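Following: one structure in structure tokens, then a few remarks.
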There are 2 protein chains.
Amino acid sequence: MLNTSAPLALTLGDPAGIGPQLAVEAWRRLRISGEGTFFWLGDPRLIEQAVPVTRIETPEEAATVFADSLPVLPVSCVANVSPGQPDPRNAEATISSIRLAVEYALAGRAGGVVTNPIAKHILAAAGFPYPGHTEFLAALCSMPGEEIMMLASPQLRVVPATVHVSLRKALDTLTTDRIVSVASTADAALKRDFGLVAPRLAIAGLNPHAGEHGIMGDEEITIIQPAIERLRAQGIICQGPMPPDTMFSVNARPNYDVAICMYHDQALIPLKTLDMAEGVNVTLGLPIIRTSPDHGTAFDIAGPVTETCRADVSSLLAAIRLAGEMSTYREGKRS
Amino acid sequence: MLNTSAPLALTLGDPAGIGPQLAVEAWRRLRISGEGTFFWLGDPRLIEQAVPVTRIETPEEAATVFADSLPVLPVSCVANVSPGQPDPRNAEATISSIRLAVEYALAGRAGGVVTNPIAKHILAAAGFPYPGHTEFLAALCSMPGEEIMMLASPQLRVVPATVHVSLRKALDTLTTDRIVSVASTADAALKRDFGLVAPRLAIAGLNPHAGEHGIMGDEEITIIQPAIERLRAQGIICQGPMPPDTMFSVNARPNYDVAICMYHDQALIPLKTLDMAEGVNVTLGLPIIRTSPDHGTAFDIAGPVTETCRADVSSLLAAIRLAGEMSTYREGKRS
């Protein structure tokens, strides 16, 4: 099944971060396990001292060489790369890598995009106008604002309805429309890309004890309950508003497939409390499949590719595996 | 060490809840394990069909009988008790049990108070003017407003700086003074009652990524950082403001002894995500030791004491053990 899928595109990320080391390490693991095929959109000079590399010109070449060498679709870094020392002159390579990956995914020639971490302040210094990866991907897909973030680990999937804003702004901007939109997107993605015929959504409350009938806040009554009713009217299976403190317990988690959360930390605290190593960031709502490891560039521990990676490759491996699974489910639907 | 301690006082709670069954089950476990001695302040008629009971008149009698019978300091229920059917006419027994337990603890004749769950709406219907257990305990100790809540499990201790208010009100009422007060109380309690010579406090941020230098909210800069500076000036060991999503991860938890959290769910989500069964609610800031299991009356599963308890007794056992440990540490300080 996986052999018939288009290969995944793994981006360069910041070349001075742990991305190149992780690409090398991921290839070493996956060429043996056979769990997925990817090609790296990066500068082959950064890694060819560590592993055999095949420069490819098209994604289609990746599958045939993957068992013996890391397929690289070259994207050149103009400045010398020193691990741990990011250089804005290489921002263009980081950006080109992402752009190419998305183009191949949109064309169906890559099964999905797996992104290595970038440093926002380095890209910003080079004139990059987006607050982050995800917004850039949405723009490349001509769907700005449609992207939503899901975090997935073996034990839990969460989708925050509000993301990178202050907690006060999250309260001020939370609306019934937003909850319905995010939950509908999550529901559609779980059906299309995760193989779930009838996903079960858990809609979190906002306040302690989900407000306890309005005694501790009324957003459950005025904002969240109406969203649940609209979602049910669309045929979406959902329960809530759920008391936020108990909904992530070991007994509660098996009762749903994704938790729709009202703010960033309501989603990310339980996920990272349970599992830091294998969390995967998944972008939903775009036409392409996109995953990324749930960590940053880690400039402080980035080292030469010839040395053993000091970063844990678990999250990148989980991101590659999940993108591969999603791609397989999506192709299954197509055929 | 434990043998020389005053026995713990276990309250009746709501007699129609799982309290009587749990008292019976806890005695069965603890008489064998020898981990602690308690007496029950309840109606002996509720449990004498299930276990041998000794009616005692003073707490001091509890230790000698505990191995062979459950020591009960009688508090009569005026109405017949049907498990699962709470009756406001028995509110007075619930309240008397708590009042007596606190009196014995204040007099040093009980090592601490362990409370069985109450039903606030039943007590309110009988004219009880307090929002909950903890406020009543503070009033009985003549220290209204001084109480703070700690939740403790084998993996994590958390103290929320704001508790049973809406998330919006939590934002509106969070102050530097409140954080300093709560953190100082937690620090003092960990030294006196938990045997920690130099407790390490982790002060949570409020916003995603702890605000990321003010980009996503400025409460870290205006409210939390000043609290940390004042705490350090008092000689208290603390770090923060910590990004809330990563501070509860398996790698981060060993770096502190208690997390001071900014709102209810920031504290309770990680605690209950990790461990529902053995969470203990501890009241700090009062002259008495008080713990309680981290669950409610569970009227839906309350049954006759002659039947096996359908509720998990783990949390009550953990509450009794922790109160016993705290009492031992405190006595060690005294002697």
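Ordering of the structure tokens sets the chain letters (A, B, ...); residue numbers start at 1 within each chain; ligands are numbered from 1 in the order shown.
Within 8 Å of chain A, chain B contributes the residues His164, Val165, Ser166, Leu167, Arg168, Leu171, Leu206, Asn207, Pro208, Gly211, Met216, Gly217, Pro244, Asp245, Thr246, Phe248, Ser249, Val250, His264, Asp265, Gln266, Leu268, Ile269, Pro270, Lys272, Thr273, Leu274, Asp275 and Met276 of chain B, using only C-alpha atoms.
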Give me a file of those residues, with N, CA, C and O atoms, as a short mmCIF file (atom, residue, chain, number, x, y, z; two decimals), in the first residue's frame.
```
data_model
loop_
_atom_site.label_atom_id
_atom_site.label_comp_id
_atom_site.auth_asym_id
_atom_site.auth_seq_id
_atom_site.Cartn_x
_atom_site.Cartn_y
_atom_site.Cartn_z
N HIS B 164 -12.40 28.74 42.00
CA HIS B 164 -13.73 28.49 41.45
C HIS B 164 -14.41 29.77 40.99
O HIS B 164 -15.42 30.21 41.54
N VAL B 165 -13.80 30.33 39.94
CA VAL B 165 -14.37 31.50 39.28
C VAL B 165 -14.25 31.26 37.77
O VAL B 165 -13.48 30.41 37.32
N SER B 166 -15.00 32.03 36.99
CA SER B 166 -14.91 31.89 35.54
C SER B 166 -13.49 32.23 35.10
O SER B 166 -12.75 32.93 35.79
N LEU B 167 -13.13 31.75 33.93
CA LEU B 167 -11.79 32.03 33.42
C LEU B 167 -11.60 33.54 33.25
O LEU B 167 -10.54 34.09 33.54
N ARG B 168 -12.65 34.22 32.81
CA ARG B 168 -12.54 35.68 32.65
C ARG B 168 -12.31 36.36 34.00
O ARG B 168 -11.47 37.26 34.12
N LEU B 171 -8.78 35.99 35.13
CA LEU B 171 -7.90 36.98 34.51
C LEU B 171 -8.05 38.34 35.19
O LEU B 171 -7.07 39.06 35.41
N LEU B 206 0.80 32.68 32.26
CA LEU B 206 -0.65 32.69 32.05
C LEU B 206 -0.99 32.42 30.59
O LEU B 206 -1.95 31.72 30.29
N ASN B 207 -0.19 32.98 29.70
CA ASN B 207 -0.50 32.97 28.27
C ASN B 207 0.27 31.87 27.54
O ASN B 207 1.23 31.31 28.09
N PRO B 208 -0.13 31.56 26.30
CA PRO B 208 0.63 30.59 25.51
C PRO B 208 2.11 30.98 25.48
O PRO B 208 2.43 32.18 25.33
N GLY B 211 3.61 34.06 27.09
CA GLY B 211 3.51 35.38 26.50
C GLY B 211 4.53 35.69 25.42
O GLY B 211 4.37 36.62 24.67
N MET B 216 2.19 37.70 23.14
CA MET B 216 0.88 37.07 23.35
C MET B 216 0.42 37.30 24.79
O MET B 216 0.24 36.36 25.55
N GLY B 217 0.25 38.54 25.16
CA GLY B 217 -0.21 38.86 26.51
C GLY B 217 0.94 39.36 27.37
O GLY B 217 2.07 38.91 27.22
N PRO B 244 3.23 27.32 30.05
CA PRO B 244 2.33 26.37 30.69
C PRO B 244 2.24 25.01 30.01
O PRO B 244 1.99 24.00 30.68
N ASP B 245 2.46 24.96 28.70
CA ASP B 245 2.22 23.68 28.03
C ASP B 245 3.35 22.68 28.23
O ASP B 245 3.12 21.48 28.17
N THR B 246 4.56 23.16 28.47
CA THR B 246 5.68 22.23 28.61
C THR B 246 6.06 21.96 30.06
O THR B 246 6.79 21.01 30.35
N PHE B 248 4.61 20.71 32.56
CA PHE B 248 4.11 19.49 33.22
C PHE B 248 4.58 18.22 32.53
O PHE B 248 4.12 17.13 32.84
N SER B 249 5.50 18.36 31.59
CA SER B 249 5.97 17.18 30.86
C SER B 249 6.84 16.32 31.76
O SER B 249 7.32 16.75 32.81
N VAL B 250 7.04 15.10 31.33
CA VAL B 250 7.78 14.13 32.15
C VAL B 250 9.20 14.61 32.43
O VAL B 250 9.76 14.33 33.49
N HIS B 264 -7.70 27.62 37.63
CA HIS B 264 -8.17 26.27 38.01
C HIS B 264 -7.71 25.18 37.05
O HIS B 264 -7.06 24.21 37.44
N ASP B 265 -8.05 25.33 35.78
CA ASP B 265 -7.78 24.23 34.85
C ASP B 265 -6.31 24.11 34.48
O ASP B 265 -5.85 23.02 34.12
N GLN B 266 -5.57 25.18 34.57
CA GLN B 266 -4.12 25.08 34.33
C GLN B 266 -3.50 24.14 35.36
O GLN B 266 -2.52 23.45 35.07
N LEU B 268 -5.50 21.81 37.26
CA LEU B 268 -6.20 20.53 37.37
C LEU B 268 -6.13 19.67 36.12
O LEU B 268 -6.20 18.44 36.20
N ILE B 269 -5.98 20.30 34.94
CA ILE B 269 -5.85 19.48 33.73
C ILE B 269 -4.63 18.57 33.82
O ILE B 269 -4.76 17.35 33.65
N PRO B 270 -3.43 19.09 34.08
CA PRO B 270 -2.29 18.15 34.12
C PRO B 270 -2.41 17.13 35.24
O PRO B 270 -2.10 15.95 35.04
N LYS B 272 -5.13 15.77 36.61
CA LYS B 272 -6.10 14.71 36.33
C LYS B 272 -5.77 13.95 35.04
O LYS B 272 -6.19 12.81 34.87
N THR B 273 -5.03 14.60 34.15
CA THR B 273 -4.57 13.88 32.96
C THR B 273 -3.60 12.78 33.37
O THR B 273 -3.63 11.67 32.83
N LEU B 274 -2.76 13.09 34.35
CA LEU B 274 -1.77 12.10 34.79
C LEU B 274 -2.38 11.04 35.69
O LEU B 274 -2.00 9.89 35.63
N ASP B 275 -3.32 11.45 36.56
CA ASP B 275 -3.70 10.54 37.62
C ASP B 275 -5.04 10.94 38.20
O ASP B 275 -5.13 11.91 38.94
N MET B 276 -6.07 10.21 37.87
CA MET B 276 -7.37 10.51 38.47
C MET B 276 -7.52 9.80 39.81
O MET B 276 -8.16 10.29 40.72
#
```
DSSP helix (DSSP H, G or I) selection over region 71-304 of chain B, as an MDAnalysis selection string: chainID B and resid 88:106 120:125 133:140 167:173 176:193 208:211 219:233 253:255 264:274 299:301
Residues near Tyr256 (chain A), cut-off 12 Å, only C-alpha atoms, skip fewer than 4 positions along chain, as a count of residues only: 26
Every residue of region 48-296 of chain B that DSSP places in strand (DSSP E or B), as a ChimeraX atom specification: /B:53-55,70-72,82,85,113-114,148-153,156-160,200-204,237-242,258-261,280-284,290-293
